[in-house]
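Trainee: Sharing target_27.pdb, PDB, C-alpha atoms, pLDDT in the B column:
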MODEL        1
ATOM      1  CA  MET W  14      73.652  93.454 121.809  1.00 41.00           C
ATOM      2  CA  PRO W  15      77.237  92.984 122.883  1.00 42.00           C
ATOM      3  CA  SER W  16      76.866  89.225 123.122  1.00 49.00           C
ATOM      4  CA  LYS W  17      75.879  89.013 119.460  1.00 54.00           C
ATOM      5  CA  LYS W  18      78.920  91.099 118.521  1.00 58.00           C
ATOM      6  CA  SER W  19      81.350  89.136 120.601  1.00 74.00           C
ATOM      7  CA  SER W  20      79.928  85.799 119.459  1.00 87.00           C
ATOM      8  CA  ALA W  21      80.583  86.760 115.826  1.00 88.00           C
ATOM      9  CA  ASN W  22      84.144  87.752 116.665  1.00 90.00           C
ATOM     10  CA  ARG W  23      84.637  84.557 118.644  1.00 92.00           C
ATOM     11  CA  ALA W  24      83.268  82.447 115.789  1.00 94.00           C
ATOM     12  CA  LEU W  25      85.742  84.072 113.396  1.00 94.00           C
ATOM     13  CA  ALA W  26      88.521  83.593 115.945  1.00 95.00           C
ATOM     14  CA  ARG W  27      87.767  79.873 116.176  1.00 95.00           C
ATOM     15  CA  ALA W  28      87.774  79.561 112.381  1.00 95.00           C
ATOM     16  CA  ILE W  29      91.150  81.313 112.168  1.00 96.00           C
ATOM     17  CA  ARG W  30      92.675  79.261 114.949  1.00 96.00           C
ATOM     18  CA  SER W  31      91.521  75.902 113.610  1.00 95.00           C
ATOM     19  CA  THR W  32      92.687  76.737 110.073  1.00 94.00           C
ATOM     20  CA  ARG W  33      96.044  77.908 111.385  1.00 95.00           C
ATOM     21  CA  GLU W  34      96.518  74.760 113.430  1.00 95.00           C
ATOM     22  CA  ARG W  35      95.569  72.575 110.489  1.00 93.00           C
ATOM     23  CA  ARG W  36      98.198  74.368 108.395  1.00 90.00           C
ATOM     24  CA  GLY W  37     100.758  73.545 111.091  1.00 91.00           C
ATOM     25  CA  TYR W  38     101.625  77.108 112.082  1.00 91.00           C
ATOM     26  CA  SER W  39     102.339  78.179 115.634  1.00 93.00           C
ATOM     27  CA  GLN W  40     100.654  81.406 116.659  1.00 93.00           C
ATOM     28  CA  GLU W  41     103.991  83.200 116.701  1.00 90.00           C
ATOM     29  CA  GLY W  42     105.135  81.651 113.429  1.00 89.00           C
ATOM     30  CA  PHE W  43     101.961  82.658 111.660  1.00 90.00           C
ATOM     31  CA  ALA W  44     102.081  86.210 113.004  1.00 88.00           C
ATOM     32  CA  ARG W  45     105.601  86.506 111.620  1.00 82.00           C
ATOM     33  CA  HIS W  46     104.516  84.914 108.336  1.00 81.00           C
ATOM     34  CA  VAL W  47     101.901  87.604 107.718  1.00 83.00           C
ATOM     35  CA  GLY W  48     103.930  90.452 109.236  1.00 76.00           C
ATOM     36  CA  MET W  49     101.671  91.012 112.212  1.00 82.00           C
ATOM     37  CA  ASP W  50     102.439  91.667 115.856  1.00 83.00           C
ATOM     38  CA  ARG W  51     102.260  88.372 117.778  1.00 87.00           C
ATOM     39  CA  SER W  52     100.243  89.742 120.673  1.00 90.00           C
ATOM     40  CA  TYR W  53      97.839  91.473 118.309  1.00 90.00           C
ATOM     41  CA  PHE W  54      97.284  88.239 116.413  1.00 93.00           C
ATOM     42  CA  GLY W  55      96.813  86.406 119.720  1.00 94.00           C
ATOM     43  CA  ALA W  56      94.087  88.886 120.682  1.00 93.00           C
ATOM     44  CA  ILE W  57      92.381  88.315 117.330  1.00 94.00           C
ATOM     45  CA  GLU W  58      92.415  84.577 117.955  1.00 95.00           C
ATOM     46  CA  ARG W  59      90.767  85.164 121.315  1.00 94.00           C
ATOM     47  CA  GLY W  60      88.007  87.129 119.595  1.00 92.00           C
ATOM     48  CA  GLU W  61      88.974  90.364 121.340  1.00 91.00           C
ATOM     49  CA  PHE W  62      89.131  92.450 118.167  1.00 88.00           C
ATOM     50  CA  ASN W  63      86.599  93.487 115.582  1.00 90.00           C
ATOM     51  CA  VAL W  64      89.133  93.243 112.761  1.00 92.00           C
ATOM     52  CA  SER W  65      89.084  95.496 109.722  1.00 90.00           C
ATOM     53  CA  LEU W  66      88.685  94.189 106.190  1.00 91.00           C
ATOM     54  CA  ASP W  67      92.379  94.454 105.336  1.00 87.00           C
ATOM     55  CA  THR W  68      93.395  92.498 108.431  1.00 89.00           C
ATOM     56  CA  LEU W  69      90.849  89.799 107.642  1.00 91.00           C
ATOM     57  CA  VAL W  70      92.140  89.555 104.072  1.00 89.00           C
ATOM     58  CA  LYS W  71      95.756  89.500 105.258  1.00 87.00           C
ATOM     59  CA  ILE W  72      95.070  86.623 107.658  1.00 91.00           C
ATOM     60  CA  ALA W  73      93.032  84.707 105.090  1.00 90.00           C
ATOM     61  CA  ARG W  74      95.794  84.996 102.474  1.00 84.00           C
ATOM     62  CA  GLY W  75      98.393  83.921 105.002  1.00 86.00           C
ATOM     63  CA  LEU W  76      96.314  80.831 105.671  1.00 89.00           C
ATOM     64  CA  GLY W  77      96.001  80.131 101.959  1.00 85.00           C
ATOM     65  CA  THR W  78      92.265  80.742 101.955  1.00 87.00           C
ATOM     66  CA  THR W  79      89.839  83.628 101.437  1.00 85.00           C
ATOM     67  CA  GLY W  80      87.953  85.927 103.762  1.00 87.00           C
ATOM     68  CA  GLY W  81      84.698  84.489 102.464  1.00 86.00           C
ATOM     69  CA  ALA W  82      85.843  80.952 103.266  1.00 87.00           C
ATOM     70  CA  LEU W  83      86.758  81.984 106.809  1.00 90.00           C
ATOM     71  CA  CYS W  84      83.316  83.573 107.236  1.00 87.00           C
ATOM     72  CA  SER W  85      81.687  80.392 105.922  1.00 86.00           C
ATOM     73  CA  LYS W  86      83.732  78.297 108.289  1.00 87.00           C
ATOM     74  CA  ALA W  87      82.646  80.539 111.143  1.00 85.00           C
ATOM     75  CA  LYS W  88      79.032  79.886 110.029  1.00 78.00           C
ATOM     76  CA  LEU W  89      78.174  83.576 109.864  1.00 73.00           C
TER      77      LEU W  89
ATOM     78  CA  MET Y  25      73.801  95.491 117.934  1.00 42.00           C
ATOM     79  CA  THR Y  26      73.921  99.250 117.463  1.00 42.00           C
ATOM     80  CA  GLY Y  27      75.130 100.685 114.195  1.00 43.00           C
ATOM     81  CA  ARG Y  28      77.551 103.034 115.875  1.00 42.00           C
ATOM     82  CA  GLY Y  29      79.174 100.225 117.812  1.00 43.00           C
ATOM     83  CA  ALA Y  30      79.717  98.153 114.715  1.00 45.00           C
ATOM     84  CA  ASN Y  31      81.353 101.068 112.909  1.00 43.00           C
ATOM     85  CA  GLN Y  32      84.494 101.145 115.003  1.00 43.00           C
ATOM     86  CA  ALA Y  33      87.307  98.610 115.065  1.00 44.00           C
ATOM     87  CA  THR Y  34      87.422  97.966 118.787  1.00 45.00           C
ATOM     88  CA  ALA Y  35      90.275  97.261 121.158  1.00 41.00           C
ATOM     89  CA  PRO Y  36      89.634  95.500 124.451  1.00 42.00           C
ATOM     90  CA  PRO Y  37      89.548  97.802 127.488  1.00 40.00           C
ATOM     91  CA  GLY Y  38      92.973  98.467 128.883  1.00 38.00           C
ATOM     92  CA  ARG Y  39      94.742  97.048 125.850  1.00 37.00           C
ATOM     93  CA  MET Y  40      96.136 100.167 124.222  1.00 35.00           C
ATOM     94  CA  ASP Y  41      99.505  98.678 123.345  1.00 37.00           C
ATOM     95  CA  TYR Y  42      98.477  97.919 119.770  1.00 39.00           C
ATOM     96  CA  LEU Y  43      99.181 100.627 117.256  1.00 38.00           C
ATOM     97  CA  PRO Y  44      96.417 101.036 114.696  1.00 41.00           C
ATOM     98  CA  ASP Y  45      97.691 100.131 111.232  1.00 47.00           C
ATOM     99  CA  SER Y  46      96.824 103.576 109.902  1.00 48.00           C
ATOM    100  CA  ARG Y  47      99.503 105.129 112.103  1.00 49.00           C
ATOM    101  CA  ILE Y  48     102.374 102.901 111.029  1.00 52.00           C
ATOM    102  CA  LEU Y  49     101.641 102.283 107.354  1.00 61.00           C
ATOM    103  CA  THR Y  50     103.705 103.812 104.587  1.00 64.00           C
ATOM    104  CA  PRO Y  51     101.936 105.917 101.926  1.00 67.00           C
ATOM    105  CA  ALA Y  52     102.234 102.963  99.521  1.00 67.00           C
ATOM    106  CA  ASP Y  53     100.571 100.653 102.058  1.00 69.00           C
ATOM    107  CA  LYS Y  54      97.795 103.168 102.602  1.00 73.00           C
ATOM    108  CA  ALA Y  55      97.232 103.391  98.842  1.00 77.00           C
ATOM    109  CA  GLU Y  56      96.939  99.626  98.678  1.00 78.00           C
ATOM    110  CA  ARG Y  57      94.447  99.571 101.518  1.00 82.00           C
ATOM    111  CA  ARG Y  58      92.412 102.165  99.677  1.00 85.00           C
ATOM    112  CA  THR Y  59      92.447 100.010  96.528  1.00 86.00           C
ATOM    113  CA  LEU Y  60      91.258  97.067  98.585  1.00 88.00           C
ATOM    114  CA  PHE Y  61      88.437  99.097 100.145  1.00 91.00           C
ATOM    115  CA  MET Y  62      87.387 100.421  96.738  1.00 92.00           C
ATOM    116  CA  ALA Y  63      87.213  96.879  95.344  1.00 92.00           C
ATOM    117  CA  PHE Y  64      85.099  95.854  98.310  1.00 93.00           C
ATOM    118  CA  GLY Y  65      82.916  98.940  97.809  1.00 94.00           C
ATOM    119  CA  ALA Y  66      82.300  97.969  94.192  1.00 94.00           C
ATOM    120  CA  ASN Y  67      81.212  94.489  95.299  1.00 94.00           C
ATOM    121  CA  LEU Y  68      78.940  96.018  97.927  1.00 95.00           C
ATOM    122  CA  ARG Y  69      77.355  98.409  95.457  1.00 95.00           C
ATOM    123  CA  ARG Y  70      76.786  95.587  92.961  1.00 94.00           C
ATOM    124  CA  ALA Y  71      75.116  93.468  95.630  1.00 94.00           C
ATOM    125  CA  ARG Y  72      72.953  96.365  96.825  1.00 95.00           C
ATOM    126  CA  LEU Y  73      71.770  97.188  93.318  1.00 95.00           C
ATOM    127  CA  SER Y  74      71.021  93.518  92.709  1.00 94.00           C
ATOM    128  CA  ALA Y  75      68.921  93.548  95.855  1.00 94.00           C
ATOM    129  CA  GLY Y  76      67.137  96.636  94.513  1.00 95.00           C
ATOM    130  CA  ILE Y  77      67.496  98.725  97.655  1.00 95.00           C
ATOM    131  CA  THR Y  78      68.803 102.214  98.375  1.00 95.00           C
ATOM    132  CA  GLN Y  79      71.785 103.111 100.535  1.00 94.00           C
ATOM    133  CA  ARG Y  80      69.339 104.317 103.154  1.00 94.00           C
ATOM    134  CA  ASP Y  81      67.552 100.929 103.139  1.00 95.00           C
ATOM    135  CA  LEU Y  82      70.886  99.173 103.413  1.00 95.00           C
ATOM    136  CA  ALA Y  83      71.922 101.352 106.339  1.00 94.00           C
ATOM    137  CA  VAL Y  84      68.717 100.476 108.197  1.00 94.00           C
ATOM    138  CA  ARG Y  85      68.911  96.755 107.459  1.00 94.00           C
ATOM    139  CA  ALA Y  86      72.614  96.483 108.334  1.00 93.00           C
ATOM    140  CA  GLU Y  87      72.245  98.728 111.396  1.00 92.00           C
ATOM    141  CA  LEU Y  88      74.747 101.249 110.050  1.00 91.00           C
ATOM    142  CA  SER Y  89      74.565 104.614 111.779  1.00 88.00           C
ATOM    143  CA  SER Y  90      73.514 106.459 108.609  1.00 88.00           C
ATOM    144  CA  ALA Y  91      73.132 106.233 104.834  1.00 88.00           C
ATOM    145  CA  THR Y  92      76.363 108.236 104.649  1.00 90.00           C
ATOM    146  CA  VAL Y  93      78.234 105.281 106.095  1.00 90.00           C
ATOM    147  CA  ALA Y  94      76.793 103.020 103.400  1.00 92.00           C
ATOM    148  CA  SER Y  95      77.886 105.556 100.804  1.00 93.00           C
ATOM    149  CA  GLN Y  96      81.399 105.771 102.273  1.00 93.00           C
ATOM    150  CA  LEU Y  97      81.694 101.986 102.280  1.00 95.00           C
ATOM    151  CA  GLU Y  98      80.678 101.854  98.627  1.00 95.00           C
ATOM    152  CA  VAL Y  99      83.224 104.424  97.463  1.00 94.00           C
ATOM    153  CA  GLY Y 100      85.984 102.999  99.641  1.00 91.00           C
ATOM    154  CA  THR Y 101      86.587 105.991 101.893  1.00 91.00           C
ATOM    155  CA  ARG Y 102      85.550 104.001 104.961  1.00 89.00           C
ATOM    156  CA  PRO Y 103      86.906 100.517 105.624  1.00 87.00           C
ATOM    157  CA  PRO Y 104      84.389  97.972 106.811  1.00 91.00           C
ATOM    158  CA  ASN Y 105      85.138  96.018 109.919  1.00 91.00           C
ATOM    159  CA  PHE Y 106      84.244  92.380 110.419  1.00 92.00           C
ATOM    160  CA  LEU Y 107      80.932  92.968 112.197  1.00 91.00           C
ATOM    161  CA  GLN Y 108      79.798  95.348 109.490  1.00 92.00           C
ATOM    162  CA  LEU Y 109      80.740  92.737 106.923  1.00 92.00           C
ATOM    163  CA  VAL Y 110      78.572  90.174 108.678  1.00 90.00           C
ATOM    164  CA  MET Y 111      75.661  92.601 108.979  1.00 92.00           C
ATOM    165  CA  LEU Y 112      75.947  93.672 105.336  1.00 94.00           C
ATOM    166  CA  GLY Y 113      75.952  90.059 104.153  1.00 92.00           C
ATOM    167  CA  HIS Y 114      72.792  89.350 106.137  1.00 91.00           C
ATOM    168  CA  ALA Y 115      71.132  92.625 105.089  1.00 94.00           C
ATOM    169  CA  LEU Y 116      71.698  91.877 101.412  1.00 94.00           C
ATOM    170  CA  ASP Y 117      71.065  88.162 101.788  1.00 92.00           C
ATOM    171  CA  THR Y 118      74.374  87.710 100.007  1.00 89.00           C
ATOM    172  CA  PRO Y 119      77.102  85.153 100.707  1.00 86.00           C
ATOM    173  CA  HIS Y 120      80.223  86.756 102.160  1.00 81.00           C
ATOM    174  CA  ASP Y 121      82.151  85.308  99.229  1.00 79.00           C
ATOM    175  CA  ALA Y 122      80.311  87.688  96.904  1.00 85.00           C
ATOM    176  CA  LEU Y 123      81.289  90.714  98.965  1.00 90.00           C
ATOM    177  CA  LEU Y 124      84.893  89.532  99.284  1.00 89.00           C
ATOM    178  CA  SER Y 125      85.438  88.280  95.741  1.00 84.00           C
ATOM    179  CA  GLN Y 126      88.132  89.563  93.392  1.00 81.00           C
ATOM    180  CA  LEU Y 127      89.871  91.738  95.938  1.00 82.00           C
ATOM    181  CA  PRO Y 128      93.337  92.816  94.728  1.00 77.00           C
ATOM    182  CA  VAL Y 129      96.475  91.145  95.989  1.00 69.00           C
ATOM    183  CA  PRO Y 130      98.566  93.857  97.683  1.00 66.00           C
ATOM    184  CA  LEU Y 131     101.783  94.910  95.944  1.00 67.00           C
ATOM    185  CA  ARG Y 132     103.835  94.096  99.040  1.00 69.00           C
ATOM    186  CA  GLU Y 133     102.483  90.554  99.169  1.00 70.00           C
ATOM    187  CA  ARG Y 134     103.201  90.019  95.481  1.00 72.00           C
ATOM    188  CA  SER Y 135     106.631  91.625  95.784  1.00 78.00           C
ATOM    189  CA  THR Y 136     107.539  89.578  98.855  1.00 82.00           C
ATOM    190  CA  ARG Y 137     106.643  86.336  97.156  1.00 80.00           C
ATOM    191  CA  LEU Y 138     108.549  87.216  93.980  1.00 85.00           C
ATOM    192  CA  MET Y 139     111.536  88.552  95.870  1.00 89.00           C
ATOM    193  CA  LEU Y 140     111.878  85.419  97.990  1.00 89.00           C
ATOM    194  CA  ALA Y 141     111.649  83.261  94.867  1.00 90.00           C
ATOM    195  CA  LEU Y 142     114.327  85.313  93.082  1.00 92.00           C
ATOM    196  CA  VAL Y 143     116.677  85.281  96.075  1.00 93.00           C
ATOM    197  CA  ARG Y 144     116.418  81.517  96.225  1.00 91.00           C
ATOM    198  CA  LYS Y 145     117.000  81.140  92.500  1.00 91.00           C
ATOM    199  CA  HIS Y 146     119.869  83.655  92.391  1.00 93.00           C
ATOM    200  CA  PRO Y 147     121.707  83.723  95.732  1.00 94.00           C
ATOM    201  CA  GLY Y 148     123.668  86.955  96.045  1.00 94.00           C
ATOM    202  CA  ILE Y 149     121.318  88.894  93.756  1.00 94.00           C
ATOM    203  CA  SER Y 150     121.708  92.641  94.098  1.00 93.00           C
ATOM    204  CA  ALA Y 151     119.073  95.133  95.176  1.00 90.00           C
ATOM    205  CA  ASP Y 152     119.220  96.778  91.733  1.00 91.00           C
ATOM    206  CA  GLU Y 153     118.690  93.479  89.955  1.00 93.00           C
ATOM    207  CA  LEU Y 154     115.731  92.719  92.176  1.00 92.00           C
ATOM    208  CA  ALA Y 155     114.297  96.174  91.566  1.00 87.00           C
ATOM    209  CA  ASN Y 156     114.553  95.630  87.795  1.00 89.00           C
ATOM    210  CA  ALA Y 157     113.005  92.182  87.976  1.00 88.00           C
ATOM    211  CA  LEU Y 158     110.128  93.335  90.177  1.00 83.00           C
ATOM    212  CA  ARG Y 159     109.729  96.658  88.333  1.00 79.00           C
ATOM    213  CA  VAL Y 160     109.870  98.695  91.511  1.00 79.00           C
ATOM    214  CA  LYS Y 161     112.241 101.373  92.787  1.00 79.00           C
ATOM    215  CA  PRO Y 162     115.483 100.213  94.473  1.00 82.00           C
ATOM    216  CA  SER Y 163     114.392 102.050  97.622  1.00 81.00           C
ATOM    217  CA  TYR Y 164     111.331  99.787  97.779  1.00 81.00           C
ATOM    218  CA  ILE Y 165     113.605  96.719  97.596  1.00 86.00           C
ATOM    219  CA  THR Y 166     115.757  98.163 100.375  1.00 83.00           C
ATOM    220  CA  MET Y 167     112.677  98.660 102.554  1.00 80.00           C
ATOM    221  CA  LEU Y 168     111.250  95.225 101.775  1.00 83.00           C
ATOM    222  CA  GLY Y 169     114.654  93.552 102.100  1.00 85.00           C
ATOM    223  CA  GLY Y 170     115.205  95.218 105.449  1.00 82.00           C
ATOM    224  CA  ARG Y 171     111.918  93.849 106.740  1.00 78.00           C
ATOM    225  CA  LEU Y 172     112.602  90.323 105.399  1.00 83.00           C
ATOM    226  CA  SER Y 173     116.082  90.493 106.869  1.00 85.00           C
ATOM    227  CA  LEU Y 174     114.710  91.460 110.273  1.00 78.00           C
ATOM    228  CA  GLU Y 175     112.336  88.521 110.033  1.00 76.00           C
ATOM    229  CA  GLN Y 176     115.382  86.360 109.164  1.00 82.00           C
ATOM    230  CA  ARG Y 177     113.817  85.230 105.908  1.00 86.00           C
ATOM    231  CA  VAL Y 178     116.788  86.499 103.874  1.00 90.00           C
ATOM    232  CA  ILE Y 179     120.356  87.556 104.589  1.00 91.00           C
ATOM    233  CA  TYR Y 180     121.089  91.085 103.408  1.00 88.00           C
ATOM    234  CA  GLU Y 181     124.731  92.135 103.179  1.00 86.00           C
ATOM    235  CA  ARG Y 182     126.459  94.769 101.037  1.00 83.00           C
ATOM    236  CA  PHE Y 183     123.332  95.407  98.960  1.00 83.00           C
ATOM    237  CA  ARG Y 184     123.033  91.721  98.059  1.00 91.00           C
ATOM    238  CA  PHE Y 185     120.570  89.086  99.216  1.00 92.00           C
ATOM    239  CA  TRP Y 186     120.972  85.432 100.112  1.00 93.00           C
ATOM    240  CA  PRO Y 187     118.332  82.914 101.197  1.00 91.00           C
ATOM    241  CA  SER Y 188     118.230  82.229 104.906  1.00 86.00           C
ATOM    242  CA  THR Y 189     118.697  78.578 105.795  1.00 72.00           C
ATOM    243  CA  ASP Y 190     116.180  78.991 108.654  1.00 57.00           C
ATOM    244  CA  HIS Y 191     113.390  79.730 106.179  1.00 52.00           C
ATOM    245  CA  ALA Y 192     114.581  77.711 103.208  1.00 50.00           C
ATOM    246  CA  ASN Y 193     111.290  75.831 102.969  1.00 49.00           C
ATOM    247  CA  GLU Y 194     109.167  78.917 102.443  1.00 50.00           C
ATOM    248  CA  LEU Y 195     111.385  80.387  99.723  1.00 41.00           C
TER     249      LEU Y 195
ENDMDL
END
Written as structure tokens, that's how I'd like the structure from this file.

Mentor:
Amino acid sequence: MPSKKSSANRALARAIRSTRERRGYSQEGFARHVGMDRSYFGAIERGEFNVSLDTLVKIARGLGTTGGALCSKAKL
Amino acid sequence: MTGRGANQATAPPGRMDYLPDSRILTPADKAERRTLFMAFGANLRRARLSAGITQRDLAVRAELSSATVASQLEVGTRPPNFLQLVMLGHALDTPHDALLSQLPVPLRERSTRLMLALVRKHPGISADELANALRVKPSYITMLGGRLSLEQRVIYERFRFWPSTDHANEL
């Protein structure tokens, strides 16, 4: 069920984006903050990637939260 | 969702310009990733045993391709991706927080934070002094300092570090 997969990734992407914006980071600034390629991070925020655990943890820590909190925010 | 599909970190079609982390990470980074995956695996195993199910049951419920995958996730030889994480949480009826709790903070993240704090406190601090303070090899400081310098978070000249005025707030 591709739609189910992509909806989960999109839900996570929305949670990441809204948390990032609330923290006052630009997309580029945040990518630099966590040592990630800007275009890669942009693709994550568009829900185009099924991120691995370490990437999820890296983003969560950069946002000052946890992977579990991001999942909760995404209502998964 | 098929188990096989959820087992692979996927890139969008035609977007091959992103290098997978595993190809650009240093051995130290890879070791840290492994530690992270092992900590996750321990959480997963604990949750599965609490649920009273076998790895085979878990594989079926979470739509993993085989019980071997469940085993690999538990011992940390296979990293879970986000969709697997979601499926595992649902399969075990466990909050994601439980699966993601008490994961180790990577050495590089700890070192970066400490190094930035020390550079701010002692402008002009040497690489050797930083290495002693952080209890790492000087070559690690050189690598980390080079990266922070490229990101313009510190100024690195003649083996000494100064805080960058552009990023003074984060130091």

Trainee: Evaluating the PyMOL selection byres ((chain W and resi 25) around 9) on the displayed file yields which residues, as a ChimeraX atom specification?

Mentor: /W:20-24,26-30,57-58,60,83-84,86-89 /Y:106

Trainee: List the residues matched by the PyMOL selection byres ((chain Y and resi 76-87) around 9) in the displayed structure as a list in words, ordered by chain and then by residue number.

Mentor: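 Selected by the PyMOL selection byres ((chain Y and resi 76-87) around 9) here: Met25, Thr26, Gly27, Arg28, Ala30, Arg69, Ala71, Arg72, Leu73, Ser74, Ala75, Leu88, Ser89, Ser90, Ala91, Thr92, Val93, Ala94, Ser95, Gln108, Val110, Met111, Leu112, Gly113, His114, Ala115 and Leu116 of chain Y.
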
Trainee: Go through the shown structure with the ChimeraX specification (/Y :<9) & /W and write out the matching residues as number ranges by chain.

Mentor: W: 14-18, 21-22, 25, 45-46, 48, 50, 52-53, 56, 61-67, 69-70, 74, 79-82, 84-85, 89

Trainee: Counting only C-alpha atoms, which of Y:Ala157, Y:Val143, Y:Met167, Y:Ala66 gets nearest to Ile179 of chain Y?

Mentor: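 Of all the options, Y:Val143 lies closest to Ile179 of chain Y.
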
Trainee: One decimal, in Å: what's the spacing between atom CA of Arg102 of chain Y and atom CA of Thr136 of chain Y?

Mentor: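 Computing it gives 27.0 Å between the two atoms.
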
Trainee: Could you model N, CA and C atoms for segment 111-131 of chain Y and present them as a PDB file, in the frame of the given file?

Mentor:
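File out-v2.pdb, as written:
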ATOM      1  N   MET Y 111      76.980  91.965 109.044  1.00 92.00           N
ATOM      2  CA  MET Y 111      75.661  92.601 108.979  1.00 92.00           C
ATOM      3  C   MET Y 111      75.270  92.915 107.530  1.00 92.00           C
ATOM      4  N   LEU Y 112      76.237  93.349 106.737  1.00 94.00           N
ATOM      5  CA  LEU Y 112      75.947  93.672 105.336  1.00 94.00           C
ATOM      6  C   LEU Y 112      75.556  92.414 104.560  1.00 94.00           C
ATOM      7  N   GLY Y 113      76.272  91.324 104.817  1.00 92.00           N
ATOM      8  CA  GLY Y 113      75.952  90.059 104.153  1.00 92.00           C
ATOM      9  C   GLY Y 113      74.529  89.624 104.459  1.00 92.00           C
ATOM     10  N   HIS Y 114      74.152  89.734 105.741  1.00 91.00           N
ATOM     11  CA  HIS Y 114      72.792  89.350 106.137  1.00 91.00           C
ATOM     12  C   HIS Y 114      71.762  90.318 105.542  1.00 91.00           C
ATOM     13  N   ALA Y 115      72.086  91.615 105.571  1.00 94.00           N
ATOM     14  CA  ALA Y 115      71.132  92.625 105.089  1.00 94.00           C
ATOM     15  C   ALA Y 115      70.842  92.448 103.604  1.00 94.00           C
ATOM     16  N   LEU Y 116      71.863  92.028 102.863  1.00 94.00           N
ATOM     17  CA  LEU Y 116      71.698  91.877 101.412  1.00 94.00           C
ATOM     18  C   LEU Y 116      71.367  90.443 101.024  1.00 94.00           C
ATOM     19  N   ASP Y 117      71.308  89.584 102.026  1.00 92.00           N
ATOM     20  CA  ASP Y 117      71.065  88.162 101.788  1.00 92.00           C
ATOM     21  C   ASP Y 117      72.060  87.633 100.745  1.00 92.00           C
ATOM     22  N   THR Y 118      73.298  88.024 100.948  1.00 89.00           N
ATOM     23  CA  THR Y 118      74.374  87.710 100.007  1.00 89.00           C
ATOM     24  C   THR Y 118      75.460  86.913 100.722  1.00 89.00           C
ATOM     25  N   PRO Y 119      75.988  85.859 100.076  1.00 86.00           N
ATOM     26  CA  PRO Y 119      77.102  85.153 100.707  1.00 86.00           C
ATOM     27  C   PRO Y 119      78.304  86.089 100.876  1.00 86.00           C
ATOM     28  N   HIS Y 120      79.056  85.893 101.937  1.00 81.00           N
ATOM     29  CA  HIS Y 120      80.223  86.756 102.160  1.00 81.00           C
ATOM     30  C   HIS Y 120      81.218  86.658 101.013  1.00 81.00           C
ATOM     31  N   ASP Y 121      81.245  85.484 100.359  1.00 79.00           N
ATOM     32  CA  ASP Y 121      82.151  85.308  99.229  1.00 79.00           C
ATOM     33  C   ASP Y 121      81.916  86.368  98.156  1.00 79.00           C
ATOM     34  N   ALA Y 122      80.634  86.709  97.948  1.00 85.00           N
ATOM     35  CA  ALA Y 122      80.311  87.688  96.904  1.00 85.00           C
ATOM     36  C   ALA Y 122      80.863  89.059  97.270  1.00 85.00           C
ATOM     37  N   LEU Y 123      80.787  89.409  98.539  1.00 90.00           N
ATOM     38  CA  LEU Y 123      81.289  90.714  98.965  1.00 90.00           C
ATOM     39  C   LEU Y 123      82.818  90.749  98.980  1.00 90.00           C
ATOM     40  N   LEU Y 124      83.430  89.579  99.151  1.00 89.00           N
ATOM     41  CA  LEU Y 124      84.893  89.532  99.284  1.00 89.00           C
ATOM     42  C   LEU Y 124      85.577  88.979  98.036  1.00 89.00           C
ATOM     43  N   SER Y 125      84.839  88.882  96.945  1.00 84.00           N
ATOM     44  CA  SER Y 125      85.438  88.280  95.741  1.00 84.00           C
ATOM     45  C   SER Y 125      86.282  89.302  94.985  1.00 84.00           C
ATOM     46  N   GLN Y 126      87.280  88.769  94.296  1.00 81.00           N
ATOM     47  CA  GLN Y 126      88.132  89.563  93.392  1.00 81.00           C
ATOM     48  C   GLN Y 126      88.754  90.793  94.053  1.00 81.00           C
ATOM     49  N   LEU Y 127      89.152  90.644  95.289  1.00 82.00           N
ATOM     50  CA  LEU Y 127      89.871  91.738  95.938  1.00 82.00           C
ATOM     51  C   LEU Y 127      91.328  91.682  95.484  1.00 82.00           C
ATOM     52  N   PRO Y 128      91.973  92.827  95.274  1.00 77.00           N
ATOM     53  CA  PRO Y 128      93.337  92.816  94.728  1.00 77.00           C
ATOM     54  C   PRO Y 128      94.367  92.273  95.715  1.00 77.00           C
ATOM     55  N   VAL Y 129      95.355  91.598  95.155  1.00 69.00           N
ATOM     56  CA  VAL Y 129      96.475  91.145  95.989  1.00 69.00           C
ATOM     57  C   VAL Y 129      97.402  92.331  96.201  1.00 69.00           C
ATOM     58  N   PRO Y 130      97.728  92.684  97.448  1.00 66.00           N
ATOM     59  CA  PRO Y 130      98.566  93.857  97.683  1.00 66.00           C
ATOM     60  C   PRO Y 130      99.947  93.732  97.038  1.00 66.00           C
ATOM     61  N   LEU Y 131     100.467  94.875  96.583  1.00 67.00           N
ATOM     62  CA  LEU Y 131     101.783  94.910  95.944  1.00 67.00           C
ATOM     63  C   LEU Y 131     102.844  94.278  96.848  1.00 67.00           C
TER      64      LEU Y 131
END
